[in-house]
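Visitor: This is the structure I have questions about; it appears just below.
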Amino acid sequence: MDSIQNSLAGRRAMVTGAAGGIGRACARSLAAAGAEVYVVDRAPEAAKRVAEQIGGTALVVDLADADAVDGLPDDVDILVNNAGLQHIAPVHDFPPERFALIQRVMVEAPFRIIRRVLPHMYEQGWGRIVNISSVHGLRASPFKVAYVTAKHGLEGLSKVVALEAAPYGVTSNCVCPGYVRTPLVEEQIATQALAHGIPHADVVEQVLLERSAIKRLIEPSEVAEAVLWLCSPHTGYLTGASLPLDGGWTAH
């Protein structure tokens, strides 16, 4: 682990959705390994707090705004596309504008950012792109049509980039967590309780972890450690992969 922790000195990383949850944990891990981190989020105060804690730079950007996304820095060696949002509803009731927003933030924005940073990575002959996908990039669940669609799209984007970028020493991989202990999941618990007509206390075990062999939520720090490993010098031959951190969900 020491070799990983000291491996990113002189590297510049960008993490989206970095003001909390998985993104914050990734920003902290990358900074601890020596990287200078751009903390990208639409929440100004929270982003600034994280940046101050890790010695990084806060960039307040709404990823639904294409012009703002296209103004992000391009001198990035490590990119972690993490930002996301959720909406739970059956397909026939799903608001089309909400569906479109989720695709803009979770598919179009990563594409735009990757497109922006690849020339720098190509020029230096090294780069790491890690896309925070989900078990829902590999499997579907009801009531999550926009999120599942977006994560499947992110998986495809990641694989195309892996094929194109390989000759330049740039890797592109997905990390696919199950349910992570984040505010987004805490919100889902209440929504799922309403959708399934069961008490909040039963949602985690009966709904969220029904298909997981390991009956607990994964912690953001665990996801961040996997991201850090993918950014290390030891993983230059690993690209186009989807790494499940799903407690055995996809083993079924």
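Every chain in the structure tokens takes a letter, A first, then B, and so on in the order presented; its residues are numbered from 1, and the ligands are numbered from 1 following the presented order.
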From region 33-227 of chain A, collect each residue whose DSSP state is helix (DSSP H, G or I) and return the set as a PyMOL selection string.

Guide: chain A and resi 44-54+66-69+91-93+96-124+135-137+145-168+183-196+200-208+220-227

Visitor: Counting only C-alpha atoms, which residues in region 86-163 of chain A sit no more than 10 Å from region 242-247 of chain A? For each one, give the nearest pair of atoms and the distance in Å, sorted by chain then residue number, as JSON lines.

Guide:
```
{"residue": "A:Val130", "atom": "CA", "partner": "A:Ser242", "partner_atom": "CA", "distance": 9.9}
{"residue": "A:Asn131", "atom": "CA", "partner": "A:Ser242", "partner_atom": "CA", "distance": 9.2}
{"residue": "A:Ile132", "atom": "CA", "partner": "A:Ser242", "partner_atom": "CA", "distance": 9.6}
{"residue": "A:Ser133", "atom": "CA", "partner": "A:Ser242", "partner_atom": "CA", "distance": 8.3}
{"residue": "A:Ser134", "atom": "CA", "partner": "A:Pro244", "partner_atom": "CA", "distance": 7.8}
{"residue": "A:Val135", "atom": "CA", "partner": "A:Asp246", "partner_atom": "CA", "distance": 6.4}
{"residue": "A:His136", "atom": "CA", "partner": "A:Asp246", "partner_atom": "CA", "distance": 10.0}
{"residue": "A:Gly137", "atom": "CA", "partner": "A:Ser242", "partner_atom": "CA", "distance": 9.0}
{"residue": "A:Leu138", "atom": "CA", "partner": "A:Ser242", "partner_atom": "CA", "distance": 8.6}
{"residue": "A:Glu155", "atom": "CA", "partner": "A:Ser242", "partner_atom": "CA", "distance": 7.6}
{"residue": "A:Ser158", "atom": "CA", "partner": "A:Ser242", "partner_atom": "CA", "distance": 9.0}
{"residue": "A:Lys159", "atom": "CA", "partner": "A:Ser242", "partner_atom": "CA", "distance": 9.0}
```

Visitor: Name all residues at most 9 Å from Leu30 (chain A) (count only C-alpha atoms; drop same-chain ones fewer than 2 positions away) and give them as a PyMOL selection string.

Guide: chain A and resi 5+8+13+25-28+32-37+224+227-228+231

Visitor: Skip region 239-241 of chain A itself and residues of its chain fewer than 6 positions away, then list as a ChimeraX atom specification all residues within 7 Å of it, counting only C-alpha atoms.

Guide: /A:158-159,162,171-174

Visitor: Of the candidates A:Val145, A:Val223, A:Val170, A:Ala193, which one gets nearest to Asn82 (chain A) if we count only C-alpha atoms?

Guide: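 So, comparing all the options, the nearest one is A:Val223.
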
Visitor: For the structure I just gave you, how does DSSP split region 32-144 of chain A - specifically, which residues are strand (DSSP E or B)? Reply as a list of chain:residue names.

Guide: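 Secondary structure check on region 32-144 of chain A, strand (DSSP E or B): A:Glu36, A:Val37, A:Tyr38, A:Val39, A:Val40, A:Asp41, A:Thr57, A:Ala58, A:Leu59, A:Val60, A:Ile78, A:Leu79, A:Val80, A:Asn81, A:Ala89, A:Gly127, A:Arg128, A:Ile129, A:Val130, A:Asn131, A:Ile132, A:Lys144.
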
Visitor: For the atom pair CA of Gly21 (chain A) and CA of Val160 (chain A), what is the interatomic distance in Å to one decimal place?

Guide: 27.3 Å

Visitor: What's the 12 Å shell around Gly127 (chain A), counting only C-alpha atoms, without same-chain residues fewer than 4 positions away, as number ranges by chain?

Guide: A: 8, 11-14, 75-80, 114, 117-123, 161-162, 165-173, 230-233, 235-236, 239

Visitor: Determine, counting only C-alpha atoms, which protein, DNA and RNA residues have an atom within 12 Å of an atom of region 198-208 of chain A; residues of the same chain fewer than 6 positions away are not included. Present the result as number ranges by chain.

Guide: A: 135-136, 141-142, 178-181, 185-192, 214-218, 246-247, 249

Visitor: What lies within 12 Å of Gly71 (chain A) using only C-alpha atoms, ignoring chain neighbours under 5 positions off, as a ChimeraX atom specification?

Guide: /A:40,59-63,65-66,109,112-113,116-117

Visitor: Please dump the current selection as a CSV table (one decimal), in the first residue's frame; keep N, CA and C atoms.

Guide:
```csv
chain,number,residue,atom,x,y,z
A,40,VAL,N,-14.7,19.0,-8.0
A,40,VAL,CA,-15.8,19.6,-8.9
A,40,VAL,C,-17.1,19.2,-8.3
A,59,LEU,N,-13.9,23.7,-7.7
A,59,LEU,CA,-14.5,24.2,-9.0
A,59,LEU,C,-16.0,24.0,-8.9
A,60,VAL,N,-16.7,25.1,-8.8
A,60,VAL,CA,-18.2,25.0,-8.7
A,60,VAL,C,-18.8,25.0,-10.0
A,61,VAL,N,-19.3,23.8,-10.4
A,61,VAL,CA,-19.8,23.6,-11.8
A,61,VAL,C,-21.1,22.7,-11.7
A,62,ASP,N,-22.1,23.1,-12.4
A,62,ASP,CA,-23.3,22.3,-12.6
A,62,ASP,C,-23.1,21.5,-13.9
A,63,LEU,N,-23.0,20.2,-13.7
A,63,LEU,CA,-22.6,19.3,-14.9
A,63,LEU,C,-23.8,19.2,-15.9
A,65,ASP,N,-24.9,21.8,-17.2
A,65,ASP,CA,-24.6,23.0,-18.1
A,65,ASP,C,-23.4,22.6,-19.0
A,66,ALA,N,-23.7,22.4,-20.2
A,66,ALA,CA,-22.7,21.9,-21.1
A,66,ALA,C,-21.6,23.0,-21.3
A,109,ALA,N,-22.0,14.6,-19.6
A,109,ALA,CA,-20.9,15.4,-19.0
A,109,ALA,C,-19.6,14.5,-18.9
A,112,ARG,N,-18.1,14.7,-22.3
A,112,ARG,CA,-17.5,16.0,-22.6
A,112,ARG,C,-16.1,16.2,-21.8
A,113,ILE,N,-16.1,15.7,-20.6
A,113,ILE,CA,-14.9,15.9,-19.8
A,113,ILE,C,-13.8,15.0,-20.3
A,116,ARG,N,-12.3,16.3,-23.3
A,116,ARG,CA,-11.5,17.5,-23.1
A,116,ARG,C,-10.1,17.1,-22.5
A,117,VAL,N,-10.0,16.1,-21.7
A,117,VAL,CA,-8.8,15.8,-21.1
A,117,VAL,C,-7.9,14.8,-21.8
```

Visitor: Which distance in Å separates CA of Gly20 (chain A) and CA of Ser221 (chain A), to one decimal?

Guide: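 A separation of 11.4 Å between them.
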